[in-house]
Amino acid sequence: MTLTLKEIREACGGMLLRGDGGAAVDGAETDTRRDVKGRLFVAVKGAKRDGHDYVRDALEKGAVCSLVERDTDRGGPVVKVPSTRAALLALASYSRERFKGHVAAVTGSAGKTTTKDMLASVLAQRYRTHKTPGNYNNELGLPLSMLNRGDDTEALVLEMGMNHAGEISVLSNTARPHICIITNIGDAHLEHLGNREGVLKAKTEIMDGLTEGGALVINKDDPLLASIVPAEGMRIFRCSASDPKADAYVSDVEKLGAAGTRCVINIKTDGGTLAVAAHIRQAGAFMVMNACMAAAAGALLGLSAEEIGEGLRTYEPSGNRMDIREAKGMTIINDTYNANPDAVRAAVDALVTSAGGRTVCILGDMLELGSQSEALHRKTGTYIAKRGVDMLIAIGDHSWHTYDAYAEYARRSQIAVYFADKDEFIIEIGKHLLPGDTVLIKASRGMAFETLVDVLTPRG
């Protein structure tokens, strides 16, 4: 969106040290490795780099102005503020005050990016829609997502993530959504939140900024979410994979293997029930649940059954999320973006239901599980064995426990292999994978398992 330097100064309480207050920027950026041309460069000090060291680089690459905590005296227009992080959130709040369209926010332990992408695809059937790119879902990413919308945007779909309690409250109060979605409550971020009840409390902070008369869309099949009591003036819309008593539910399910699922999503509205004929082109029951919640939000924002169905059919996933590729006679399911126990179980379910040949799970460490890490890795290994996955290749320190539990419960025909790191596995990769295999690759973001996908699916 377009902002003048005068507006920037006033919105964040800063001082315009150099530059014309009438000059305008189009959006904002914190990293000069991305496109900063025509934008406001926000100099943020991080754990490893200080954005103030890149002010000159930003100006040389076309940034109109820099937002700084200290004047680096490197030329160009500058707005100085006490905290660039706080100023970025203040600018996003100012942009929200000017925005007259629809705002939807999505969070959850797993599936939030998929649901965000599905909802954006649905809303795009009627509205000019801008969504959080990738997973720009924290105190820096969310305001950048808001500021980088086009001036003609009619619907804004924002993802909200967190590591600690209190973070989503800040994001929600900045975005002030009309509709909030919570996909599920799982064993993510236990290192900081203790248990699932702590996760529930942190995720429900998304309601803090919900506008008056707004709606909360939840997964009714999740027992913790089912316990939520709506605040006064808030509508709660419950979605289920099968329960016809829910406000939105799935019926007439036809599993198509790797081609996904066809079903009907039934959405109860004031004008009757919308029956959405949906084709979700990715396998897995969790994908159907994500689609149900996205469809419900679309209906709440006035879309027709036809528009919702077309949006779900044309939805494209973000990178490294259930991305299916064919290579070397194998089907590779790239789900490497992140991992927690619930997300791994859902991905394994999709692997088992979509595969035509031998099933192989290449699994790395699940991080940020705190004192429960060993137990949850073992529980995951047991689950993979009991679901009948033919081979587990476990990689990483924590994944030893996944391997050990899988081997304990595996049938004689199931194979377990362990490697301490990715390099060891890459050396022996040809010994373990065969043409006809369907291979799921998944690990926490810090494991960078997309490198294994690159080895298995070389391009060019």
# chains A, B, ... in the order shown; residues from 1 in each chain; ligands from 1
$ residues_around --residues "segment 238-243 of chain A" --least-positions-apart "4" --cutoff "7 Å" --atoms "only C-alpha atoms" --output "list in words"
Val217, Ile218, Asn219, Lys220, Asp221, Asp247, Ala248, Tyr249, Val250, Ser251, Met289, Cys292 and Met293 of chain A
$ closest_atom_pairs --of "segment 9-126 of chain A" --to "segment 187-192 of chain A" --cutoff "10 Å" --atoms "only C-alpha atoms" --output "Markdown table"
| residue | atom | partner | partner_atom | distance |
| --- | --- | --- | --- | --- |
| A:Gly108 | CA | A:Ala188 | CA | 9.4 |
| A:Ser109 | CA | A:Ala188 | CA | 6.0 |
| A:Ala110 | CA | A:Ala188 | CA | 8.4 |
$ select_by_dssp --residues "segment 62-152 of chain A" --states "alpha helix (DSSP H)" --output "number ranges by chain"
A: 84-98, 112-123, 141-147
$ atom_distance --atom1 "atom CA of Asn184 of chain A" --atom2 "atom CA of Val253 of chain A"
21.2 Å
$ residues_around --residues "segment 423-433 of chain A" --least-positions-apart "2" --cutoff "8 Å" --atoms "only C-alpha atoms" --output "compact mmCIF listing (two decimals) with N, CA and C atoms, in the first residue's frame"
# COMPACT_ATOMS: atom_id res chain seq x y z
N ILE A 395 16.41 -39.79 10.80
CA ILE A 395 17.67 -39.04 10.71
C ILE A 395 17.69 -37.96 11.79
N PHE A 419 20.11 -42.94 10.67
CA PHE A 419 21.33 -42.20 10.33
C PHE A 419 21.46 -41.03 11.29
N ALA A 420 22.66 -40.72 11.69
CA ALA A 420 22.90 -39.62 12.61
C ALA A 420 22.67 -38.27 11.95
N ASP A 421 22.95 -38.18 10.64
CA ASP A 421 22.73 -36.91 9.95
C ASP A 421 22.42 -37.15 8.48
N PRO A 435 12.54 -47.84 -7.34
CA PRO A 435 11.46 -47.41 -8.22
C PRO A 435 10.13 -48.01 -7.75
N ASP A 437 8.48 -46.76 -5.18
CA ASP A 437 8.25 -46.30 -3.80
C ASP A 437 7.49 -44.98 -3.79
N LEU A 452 17.30 -32.90 0.97
CA LEU A 452 17.09 -34.30 0.55
C LEU A 452 16.17 -34.36 -0.66
N VAL A 455 18.16 -33.64 -3.70
CA VAL A 455 18.98 -34.78 -4.11
C VAL A 455 18.14 -35.80 -4.88
$ closest_residue --among "A:Gly298, A:Glu7, A:Gly27, A:Asp117" --to "Glu316 of chain A" --atoms "only C-alpha atoms"
A:Asp117
$ residues_around --residues "segment 166-175 of chain A" --least-positions-apart "2" --cutoff "9 Å" --atoms "only C-alpha atoms" --output "PyMOL selection string"
chain A and resi 89-90+92-94+96+103-105+107+137-139+142-143+146+158+160-164+177+202-210
$ write_last_selection --atoms "C-alpha atoms" --output "short mmCIF file (atom, residue, chain, number, x, y, z; two decimals), in the first residue's frame"
data_model
loop_
_atom_site.label_atom_id
_atom_site.label_comp_id
_atom_site.auth_asym_id
_atom_site.auth_seq_id
_atom_site.Cartn_x
_atom_site.Cartn_y
_atom_site.Cartn_z
CA LEU A 89 3.51 -2.86 14.07
CA ALA A 90 2.26 0.73 14.44
CA ALA A 92 0.47 -2.01 10.16
CA SER A 93 -2.18 -0.80 12.63
CA TYR A 94 -2.41 2.46 10.68
CA ARG A 96 -5.60 -1.52 9.03
CA VAL A 103 -9.80 -9.44 7.09
CA ALA A 104 -9.42 -13.11 8.02
CA ALA A 105 -6.77 -14.55 10.35
CA THR A 107 -3.68 -19.97 13.37
CA ASN A 137 3.34 -14.98 10.41
CA ASN A 138 5.31 -13.36 13.25
CA GLU A 139 5.83 -9.83 14.62
CA LEU A 142 2.51 -10.09 9.67
CA PRO A 143 2.93 -6.30 9.48
CA MET A 146 -0.39 -6.03 5.75
CA LEU A 158 -3.30 -13.37 7.38
CA MET A 160 -0.54 -15.88 12.75
CA GLY A 161 2.18 -18.01 14.35
CA MET A 162 3.92 -17.94 17.70
CA ASN A 163 6.59 -19.42 19.93
CA HIS A 164 5.56 -17.85 23.24
CA PRO A 177 -9.80 -9.57 11.83
CA ALA A 202 -1.86 -19.11 23.31
CA LYS A 203 -3.75 -19.93 20.12
CA THR A 204 -7.07 -18.52 21.38
CA GLU A 205 -5.36 -15.16 21.75
CA ILE A 206 -6.35 -14.77 18.10
CA MET A 207 -9.77 -13.74 19.44
CA ASP A 208 -8.29 -10.73 21.24
CA GLY A 209 -8.47 -8.49 18.20
CA LEU A 210 -11.63 -9.95 16.63
#
$ closest_residue --among "A:Ala291, A:Val352, A:Ala259, A:Leu216" --to "Leu312 of chain A" --atoms "only C-alpha atoms"
A:Ala291
$ atom_distance --atom1 "atom CA of Arg321 of chain A" --atom2 "atom CA of Tyr337 of chain A"
6.2 Å
$ residues_around --residues "segment 40-54 of chain A" --least-positions-apart "3" --cutoff "9 Å" --atoms "only C-alpha atoms" --output "list of chain:residue names"
A:Ala24, A:Val25, A:Asp26, A:Gly27, A:Ala28, A:Glu29, A:Thr30, A:Asp31, A:Thr32, A:Val36, A:Lys37, A:Asp57, A:Ala58, A:Leu59, A:Ala63, A:Val64, A:Cys65, A:Ser66, A:Leu67, A:Val68, A:Glu69, A:Arg70, A:Asp71, A:Thr72, A:Ser83, A:Thr84, A:Arg85, A:Leu88
$ select_by_dssp --residues "segment 218-364 of chain A" --states "strand (DSSP E or B)" --output "ChimeraX atom specification"
/A:218-219,235-240,248-255,261-269,272-280,323-327,330-334,359-364
$ write_last_selection --atoms "N, CA and C atoms" --output "compact mmCIF listing (two decimals), in the first residue's frame"
# COMPACT_ATOMS: atom_id res chain seq x y z
N ILE A 218 -13.81 -22.89 14.04
CA ILE A 218 -12.95 -23.86 14.71
C ILE A 218 -13.20 -25.28 14.21
N ASN A 219 -12.24 -26.13 14.49
CA ASN A 219 -12.33 -27.56 14.21
C ASN A 219 -13.03 -28.22 15.40
N ARG A 235 -19.60 -14.74 17.27
CA ARG A 235 -20.21 -15.95 16.73
C ARG A 235 -19.15 -17.03 16.62
N ILE A 236 -19.49 -18.24 17.03
CA ILE A 236 -18.56 -19.36 16.88
C ILE A 236 -19.15 -20.33 15.87
N PHE A 237 -18.35 -20.72 14.89
CA PHE A 237 -18.80 -21.55 13.79
C PHE A 237 -17.99 -22.84 13.83
N ARG A 238 -18.65 -23.95 14.14
CA ARG A 238 -17.97 -25.22 14.37
C ARG A 238 -18.00 -26.09 13.12
N CYS A 239 -16.83 -26.63 12.75
CA CYS A 239 -16.67 -27.46 11.56
C CYS A 239 -16.29 -28.88 11.94
N SER A 240 -16.79 -29.85 11.20
CA SER A 240 -16.51 -31.25 11.51
C SER A 240 -16.28 -32.04 10.23
N ALA A 248 -20.73 -26.65 9.92
CA ALA A 248 -20.26 -27.08 8.60
C ALA A 248 -19.70 -28.49 8.76
N TYR A 249 -20.05 -29.38 7.84
CA TYR A 249 -19.57 -30.76 7.96
C TYR A 249 -19.37 -31.35 6.57
N VAL A 250 -18.58 -32.44 6.54
CA VAL A 250 -18.21 -33.09 5.29
C VAL A 250 -19.02 -34.36 5.11
N SER A 251 -19.47 -34.61 3.90
CA SER A 251 -20.19 -35.84 3.58
C SER A 251 -19.78 -36.31 2.18
N ASP A 252 -20.25 -37.49 1.81
CA ASP A 252 -20.05 -38.03 0.46
C ASP A 252 -18.57 -38.04 0.06
N VAL A 253 -17.75 -38.56 0.96
CA VAL A 253 -16.30 -38.55 0.74
C VAL A 253 -15.89 -39.64 -0.24
N GLU A 254 -15.12 -39.26 -1.24
CA GLU A 254 -14.56 -40.20 -2.22
C GLU A 254 -13.06 -40.01 -2.25
N LYS A 255 -12.30 -40.98 -1.74
CA LYS A 255 -10.84 -40.89 -1.72
C LYS A 255 -10.29 -41.29 -3.07
N THR A 261 -9.13 -35.90 -2.77
CA THR A 261 -10.43 -36.30 -2.24
C THR A 261 -11.54 -35.48 -2.88
N ARG A 262 -12.62 -36.15 -3.23
CA ARG A 262 -13.85 -35.44 -3.58
C ARG A 262 -14.83 -35.59 -2.42
N CYS A 263 -15.59 -34.55 -2.16
CA CYS A 263 -16.55 -34.60 -1.07
C CYS A 263 -17.55 -33.48 -1.23
N VAL A 264 -18.52 -33.47 -0.34
CA VAL A 264 -19.47 -32.36 -0.25
C VAL A 264 -19.27 -31.70 1.10
N ILE A 265 -19.10 -30.39 1.09
CA ILE A 265 -19.00 -29.62 2.34
C ILE A 265 -20.32 -28.90 2.54
N ASN A 266 -21.01 -29.24 3.61
CA ASN A 266 -22.33 -28.71 3.90
C ASN A 266 -22.20 -27.58 4.92
N ILE A 267 -22.63 -26.38 4.55
CA ILE A 267 -22.44 -25.19 5.39
C ILE A 267 -23.80 -24.58 5.71
N LYS A 268 -24.12 -24.52 6.99
CA LYS A 268 -25.41 -23.98 7.41
C LYS A 268 -25.33 -22.46 7.50
N THR A 269 -26.18 -21.80 6.73
CA THR A 269 -26.22 -20.34 6.71
C THR A 269 -27.62 -19.87 7.08
N GLY A 272 -30.15 -20.98 4.54
CA GLY A 272 -30.23 -22.40 4.23
C GLY A 272 -28.86 -23.03 4.20
N THR A 273 -28.79 -24.28 3.75
CA THR A 273 -27.52 -25.00 3.71
C THR A 273 -26.89 -24.90 2.33
N LEU A 274 -25.63 -24.46 2.31
CA LEU A 274 -24.85 -24.48 1.07
C LEU A 274 -24.20 -25.85 0.94
N ALA A 275 -24.37 -26.49 -0.20
CA ALA A 275 -23.72 -27.77 -0.47
C ALA A 275 -22.61 -27.53 -1.48
N VAL A 276 -21.37 -27.55 -1.00
CA VAL A 276 -20.21 -27.27 -1.85
C VAL A 276 -19.63 -28.57 -2.38
N ALA A 277 -19.68 -28.76 -3.68
CA ALA A 277 -19.03 -29.91 -4.30
C ALA A 277 -17.54 -29.60 -4.40
N ALA A 278 -16.73 -30.30 -3.62
CA ALA A 278 -15.32 -29.94 -3.50
C ALA A 278 -14.42 -31.06 -4.01
N HIS A 279 -13.35 -30.65 -4.69
CA HIS A 279 -12.26 -31.56 -5.04
C HIS A 279 -11.00 -30.99 -4.43
N ILE A 280 -10.50 -31.64 -3.38
CA ILE A 280 -9.25 -31.23 -2.75
C ILE A 280 -8.15 -32.06 -3.37
N ASP A 323 3.90 -31.33 -1.34
CA ASP A 323 4.21 -31.12 -2.76
C ASP A 323 4.64 -32.45 -3.36
N ILE A 324 3.87 -32.96 -4.30
CA ILE A 324 4.11 -34.29 -4.86
C ILE A 324 4.87 -34.18 -6.17
N ARG A 325 5.99 -34.89 -6.25
CA ARG A 325 6.81 -34.92 -7.46
C ARG A 325 7.09 -36.36 -7.86
N GLU A 326 7.31 -36.56 -9.16
CA GLU A 326 7.72 -37.87 -9.66
C GLU A 326 9.19 -37.78 -10.08
N ALA A 327 10.01 -38.73 -9.61
CA ALA A 327 11.43 -38.71 -9.95
C ALA A 327 12.02 -40.11 -9.77
N MET A 330 10.01 -42.93 -8.62
CA MET A 330 9.40 -42.83 -7.29
C MET A 330 8.44 -41.64 -7.23
N THR A 331 7.49 -41.71 -6.30
CA THR A 331 6.65 -40.56 -5.97
C THR A 331 7.19 -39.95 -4.69
N ILE A 332 7.61 -38.69 -4.76
CA ILE A 332 8.20 -37.99 -3.61
C ILE A 332 7.18 -36.99 -3.06
N ILE A 333 6.84 -37.13 -1.79
CA ILE A 333 5.95 -36.17 -1.12
C ILE A 333 6.82 -35.26 -0.27
N ASN A 334 6.99 -34.05 -0.75
CA ASN A 334 7.82 -33.06 -0.06
C ASN A 334 6.96 -32.30 0.95
N THR A 359 5.62 -47.98 0.84
CA THR A 359 5.59 -46.68 1.51
C THR A 359 6.85 -46.51 2.34
N VAL A 360 7.48 -45.32 2.18
CA VAL A 360 8.72 -45.00 2.89
C VAL A 360 8.55 -43.65 3.55
N CYS A 361 8.92 -43.56 4.80
CA CYS A 361 8.87 -42.30 5.54
C CYS A 361 10.30 -41.91 5.92
N ILE A 362 10.79 -40.80 5.39
CA ILE A 362 12.08 -40.25 5.79
C ILE A 362 11.78 -39.12 6.77
N LEU A 363 12.10 -39.37 8.02
CA LEU A 363 11.66 -38.45 9.08
C LEU A 363 12.86 -37.93 9.87
N GLY A 364 12.88 -36.61 10.05
CA GLY A 364 13.92 -35.98 10.86
C GLY A 364 13.38 -35.52 12.20
$ residues_around --residues "segment 384-387 of chain A" --least-positions-apart "5" --cutoff "7 Å" --atoms "only C-alpha atoms" --output "PyMOL selection string"
chain A and resi 348+406+409-410
$ residues_around --residues "Ala443 of chain A" --least-positions-apart "2" --cutoff "12 Å" --atoms "only C-alpha atoms" --output "compact mmCIF listing (two decimals) with C-alpha atoms, in the first residue's frame"
# COMPACT_ATOMS: atom_id res chain seq x y z
CA ASN A 320 7.42 -27.65 0.73
CA ARG A 321 3.92 -28.58 1.90
CA ASN A 334 7.82 -33.06 -0.06
CA ASP A 335 6.37 -31.94 3.29
CA THR A 336 9.61 -30.57 4.67
CA TYR A 337 8.55 -27.11 5.75
CA ASN A 338 8.02 -28.05 9.39
CA ALA A 339 6.99 -30.88 11.69
CA ASN A 340 5.32 -31.60 14.98
CA PRO A 341 3.74 -34.87 16.16
CA ALA A 343 1.46 -32.85 11.53
CA VAL A 344 3.60 -35.98 11.12
CA ALA A 347 1.18 -36.68 6.72
CA CYS A 361 8.87 -42.30 5.54
CA ILE A 362 12.08 -40.25 5.79
CA LEU A 363 11.66 -38.45 9.08
CA GLY A 364 13.92 -35.98 10.86
CA ASP A 365 13.85 -34.40 14.29
CA MET A 366 10.79 -32.57 15.62
CA LEU A 367 12.13 -29.59 17.51
CA HIS A 377 9.31 -39.07 19.17
CA ILE A 393 14.42 -43.86 7.60
CA ALA A 394 15.04 -41.79 10.74
CA ILE A 395 17.67 -39.04 10.71
CA GLY A 396 18.92 -36.89 13.60
CA HIS A 398 15.98 -36.99 18.50
CA SER A 399 14.86 -39.29 15.70
CA LYS A 422 21.64 -36.20 6.38
CA LEU A 440 7.27 -38.94 2.45
CA ILE A 441 10.01 -36.52 3.58
CA ARG A 445 12.35 -26.42 9.69
CA GLY A 446 15.71 -26.39 11.44
CA MET A 447 16.64 -29.73 9.86
CA ALA A 448 16.46 -28.25 6.31
CA PHE A 449 15.26 -31.52 4.78
CA GLU A 450 14.47 -29.79 1.48
CA THR A 451 18.10 -30.62 0.65
CA LEU A 452 17.09 -34.30 0.55
CA VAL A 453 14.26 -33.44 -1.85
$ closest_residue --among "A:Arg378, A:Lys201, A:Lys442, A:Lys116" --to "Leu224 of chain A" --atoms "only C-alpha atoms"
A:Lys201
$ closest_residue --among "A:Arg18, A:Arg126, A:Lys328, A:His178" --to "Gly76 of chain A" --atoms "only C-alpha atoms"
A:Arg18
$ closest_residue --among "A:Leu123, A:Leu193, A:Leu16, A:Ala295" --to "Gln372 of chain A" --atoms "only C-alpha atoms"
A:Leu193
$ atom_distance --atom1 "atom CA of Cys12 of chain A" --atom2 "atom CA of Ile179 of chain A"
26.6 Å
$ decode --residues "segment 318-434 of chain A" --atoms "C-alpha atoms" --output "PDB file, in the first residue's frame"
ATOM      1  CA  SER A 318       2.847 -22.955  -0.515  1.00  0.00           C
ATOM      2  CA  GLY A 319       6.340 -24.387  -0.945  1.00  0.00           C
ATOM      3  CA  ASN A 320       7.420 -27.647   0.733  1.00  0.00           C
ATOM      4  CA  ARG A 321       3.922 -28.581   1.903  1.00  0.00           C
ATOM      5  CA  MET A 322       2.581 -31.898   0.587  1.00  0.00           C
ATOM      6  CA  ASP A 323       4.209 -31.117  -2.763  1.00  0.00           C
ATOM      7  CA  ILE A 324       4.110 -34.293  -4.856  1.00  0.00           C
ATOM      8  CA  ARG A 325       6.809 -34.916  -7.465  1.00  0.00           C
ATOM      9  CA  GLU A 326       7.722 -37.868  -9.664  1.00  0.00           C
ATOM     10  CA  ALA A 327      11.434 -38.714  -9.946  1.00  0.00           C
ATOM     11  CA  LYS A 328      13.539 -41.797 -10.685  1.00  0.00           C
ATOM     12  CA  GLY A 329      10.412 -43.943 -10.796  1.00  0.00           C
ATOM     13  CA  MET A 330       9.395 -42.835  -7.287  1.00  0.00           C
ATOM     14  CA  THR A 331       6.653 -40.558  -5.974  1.00  0.00           C
ATOM     15  CA  ILE A 332       8.198 -37.991  -3.606  1.00  0.00           C
ATOM     16  CA  ILE A 333       5.950 -36.173  -1.121  1.00  0.00           C
ATOM     17  CA  ASN A 334       7.824 -33.064  -0.059  1.00  0.00           C
ATOM     18  CA  ASP A 335       6.373 -31.939   3.291  1.00  0.00           C
ATOM     19  CA  THR A 336       9.614 -30.571   4.665  1.00  0.00           C
ATOM     20  CA  TYR A 337       8.549 -27.110   5.750  1.00  0.00           C
ATOM     21  CA  ASN A 338       8.019 -28.048   9.390  1.00  0.00           C
ATOM     22  CA  ALA A 339       6.989 -30.877  11.692  1.00  0.00           C
ATOM     23  CA  ASN A 340       5.322 -31.602  14.983  1.00  0.00           C
ATOM     24  CA  PRO A 341       3.740 -34.869  16.159  1.00  0.00           C
ATOM     25  CA  ASP A 342       0.223 -34.029  14.923  1.00  0.00           C
ATOM     26  CA  ALA A 343       1.461 -32.850  11.532  1.00  0.00           C
ATOM     27  CA  VAL A 344       3.602 -35.983  11.124  1.00  0.00           C
ATOM     28  CA  ARG A 345       0.663 -38.267  11.927  1.00  0.00           C
ATOM     29  CA  ALA A 346      -1.511 -36.430   9.391  1.00  0.00           C
ATOM     30  CA  ALA A 347       1.182 -36.677   6.718  1.00  0.00           C
ATOM     31  CA  VAL A 348       1.682 -40.390   7.425  1.00  0.00           C
ATOM     32  CA  ASP A 349      -2.063 -40.953   7.062  1.00  0.00           C
ATOM     33  CA  ALA A 350      -1.905 -39.222   3.675  1.00  0.00           C
ATOM     34  CA  LEU A 351       1.093 -41.368   2.657  1.00  0.00           C
ATOM     35  CA  VAL A 352      -0.648 -44.616   3.545  1.00  0.00           C
ATOM     36  CA  THR A 353      -3.931 -43.741   1.829  1.00  0.00           C
ATOM     37  CA  SER A 354      -2.396 -42.357  -1.381  1.00  0.00           C
ATOM     38  CA  ALA A 355       0.425 -44.814  -2.103  1.00  0.00           C
ATOM     39  CA  GLY A 356       0.206 -47.570  -4.668  1.00  0.00           C
ATOM     40  CA  GLY A 357       3.526 -49.256  -3.926  1.00  0.00           C
ATOM     41  CA  ARG A 358       5.934 -49.501  -1.026  1.00  0.00           C
ATOM     42  CA  THR A 359       5.588 -46.684   1.511  1.00  0.00           C
ATOM     43  CA  VAL A 360       8.715 -45.003   2.888  1.00  0.00           C
ATOM     44  CA  CYS A 361       8.874 -42.300   5.537  1.00  0.00           C
ATOM     45  CA  ILE A 362      12.078 -40.246   5.786  1.00  0.00           C
ATOM     46  CA  LEU A 363      11.660 -38.453   9.084  1.00  0.00           C
ATOM     47  CA  GLY A 364      13.920 -35.982  10.856  1.00  0.00           C
ATOM     48  CA  ASP A 365      13.852 -34.402  14.291  1.00  0.00           C
ATOM     49  CA  MET A 366      10.793 -32.573  15.615  1.00  0.00           C
ATOM     50  CA  LEU A 367      12.133 -29.592  17.514  1.00  0.00           C
ATOM     51  CA  GLU A 368      10.848 -27.388  20.365  1.00  0.00           C
ATOM     52  CA  LEU A 369       9.143 -30.253  22.222  1.00  0.00           C
ATOM     53  CA  GLY A 370      10.970 -29.618  25.490  1.00  0.00           C
ATOM     54  CA  SER A 371      10.938 -32.284  28.182  1.00  0.00           C
ATOM     55  CA  GLN A 372       8.380 -34.339  26.222  1.00  0.00           C
ATOM     56  CA  SER A 373      10.616 -34.711  23.173  1.00  0.00           C
ATOM     57  CA  GLU A 374      11.726 -38.305  23.744  1.00  0.00           C
ATOM     58  CA  ALA A 375       8.232 -39.547  24.591  1.00  0.00           C
ATOM     59  CA  LEU A 376       6.652 -37.793  21.576  1.00  0.00           C
ATOM     60  CA  HIS A 377       9.310 -39.072  19.169  1.00  0.00           C
ATOM     61  CA  ARG A 378       8.735 -42.600  20.471  1.00  0.00           C
ATOM     62  CA  LYS A 379       4.969 -42.200  20.170  1.00  0.00           C
ATOM     63  CA  THR A 380       5.445 -41.063  16.581  1.00  0.00           C
ATOM     64  CA  GLY A 381       7.600 -44.104  15.757  1.00  0.00           C
ATOM     65  CA  THR A 382       4.967 -46.414  17.208  1.00  0.00           C
ATOM     66  CA  TYR A 383       2.255 -44.708  15.173  1.00  0.00           C
ATOM     67  CA  ILE A 384       4.209 -45.037  11.924  1.00  0.00           C
ATOM     68  CA  ALA A 385       4.732 -48.754  12.548  1.00  0.00           C
ATOM     69  CA  LYS A 386       1.101 -49.405  13.432  1.00  0.00           C
ATOM     70  CA  ARG A 387      -0.081 -47.505  10.334  1.00  0.00           C
ATOM     71  CA  GLY A 388       1.816 -50.048   8.269  1.00  0.00           C
ATOM     72  CA  VAL A 389       4.484 -47.829   6.690  1.00  0.00           C
ATOM     73  CA  ASP A 390       6.875 -50.260   5.003  1.00  0.00           C
ATOM     74  CA  MET A 391      10.124 -48.449   5.760  1.00  0.00           C
ATOM     75  CA  LEU A 392      11.188 -45.757   8.205  1.00  0.00           C
ATOM     76  CA  ILE A 393      14.415 -43.858   7.600  1.00  0.00           C
ATOM     77  CA  ALA A 394      15.039 -41.789  10.736  1.00  0.00           C
ATOM     78  CA  ILE A 395      17.670 -39.038  10.711  1.00  0.00           C
ATOM     79  CA  GLY A 396      18.922 -36.892  13.599  1.00  0.00           C
ATOM     80  CA  ASP A 397      19.613 -37.090  17.325  1.00  0.00           C
ATOM     81  CA  HIS A 398      15.983 -36.992  18.499  1.00  0.00           C
ATOM     82  CA  SER A 399      14.864 -39.288  15.697  1.00  0.00           C
ATOM     83  CA  TRP A 400      16.781 -42.165  17.251  1.00  0.00           C
ATOM     84  CA  HIS A 401      13.779 -42.534  19.571  1.00  0.00           C
ATOM     85  CA  THR A 402      11.411 -42.599  16.579  1.00  0.00           C
ATOM     86  CA  TYR A 403      13.530 -45.310  14.983  1.00  0.00           C
ATOM     87  CA  ASP A 404      13.761 -47.358  18.198  1.00  0.00           C
ATOM     88  CA  ALA A 405      10.001 -47.310  18.818  1.00  0.00           C
ATOM     89  CA  TYR A 406       9.208 -48.137  15.187  1.00  0.00           C
ATOM     90  CA  ALA A 407      11.622 -51.081  15.260  1.00  0.00           C
ATOM     91  CA  GLU A 408      10.018 -52.333  18.475  1.00  0.00           C
ATOM     92  CA  TYR A 409       6.508 -52.438  17.016  1.00  0.00           C
ATOM     93  CA  ALA A 410       7.326 -53.235  13.372  1.00  0.00           C
ATOM     94  CA  ARG A 411       6.244 -56.437  11.706  1.00  0.00           C
ATOM     95  CA  ARG A 412       8.897 -58.667  10.171  1.00  0.00           C
ATOM     96  CA  SER A 413       8.286 -57.154   6.719  1.00  0.00           C
ATOM     97  CA  GLN A 414       8.805 -53.572   7.928  1.00  0.00           C
ATOM     98  CA  ILE A 415      12.283 -52.050   7.746  1.00  0.00           C
ATOM     99  CA  ALA A 416      13.844 -49.452  10.063  1.00  0.00           C
ATOM    100  CA  VAL A 417      17.052 -47.575   9.264  1.00  0.00           C
ATOM    101  CA  TYR A 418      18.769 -44.861  11.306  1.00  0.00           C
ATOM    102  CA  PHE A 419      21.330 -42.201  10.333  1.00  0.00           C
ATOM    103  CA  ALA A 420      22.899 -39.620  12.612  1.00  0.00           C
ATOM    104  CA  ASP A 421      22.734 -36.908   9.947  1.00  0.00           C
ATOM    105  CA  LYS A 422      21.638 -36.199   6.377  1.00  0.00           C
ATOM    106  CA  ASP A 423      25.120 -36.562   4.889  1.00  0.00           C
ATOM    107  CA  GLU A 424      25.353 -40.172   6.081  1.00  0.00           C
ATOM    108  CA  PHE A 425      22.004 -40.949   4.465  1.00  0.00           C
ATOM    109  CA  ILE A 426      22.850 -39.229   1.173  1.00  0.00           C
ATOM    110  CA  ILE A 427      25.928 -41.451   0.794  1.00  0.00           C
ATOM    111  CA  GLU A 428      23.746 -44.566   1.047  1.00  0.00           C
ATOM    112  CA  ILE A 429      20.546 -43.215  -0.480  1.00  0.00           C
ATOM    113  CA  GLY A 430      20.640 -45.604  -3.444  1.00  0.00           C
ATOM    114  CA  LYS A 431      20.690 -48.663  -1.169  1.00  0.00           C
ATOM    115  CA  HIS A 432      17.324 -47.940   0.413  1.00  0.00           C
ATOM    116  CA  LEU A 433      14.965 -46.364  -2.148  1.00  0.00           C
ATOM    117  CA  LEU A 434      13.524 -48.244  -5.124  1.00  0.00           C
TER     118      LEU A 434
END
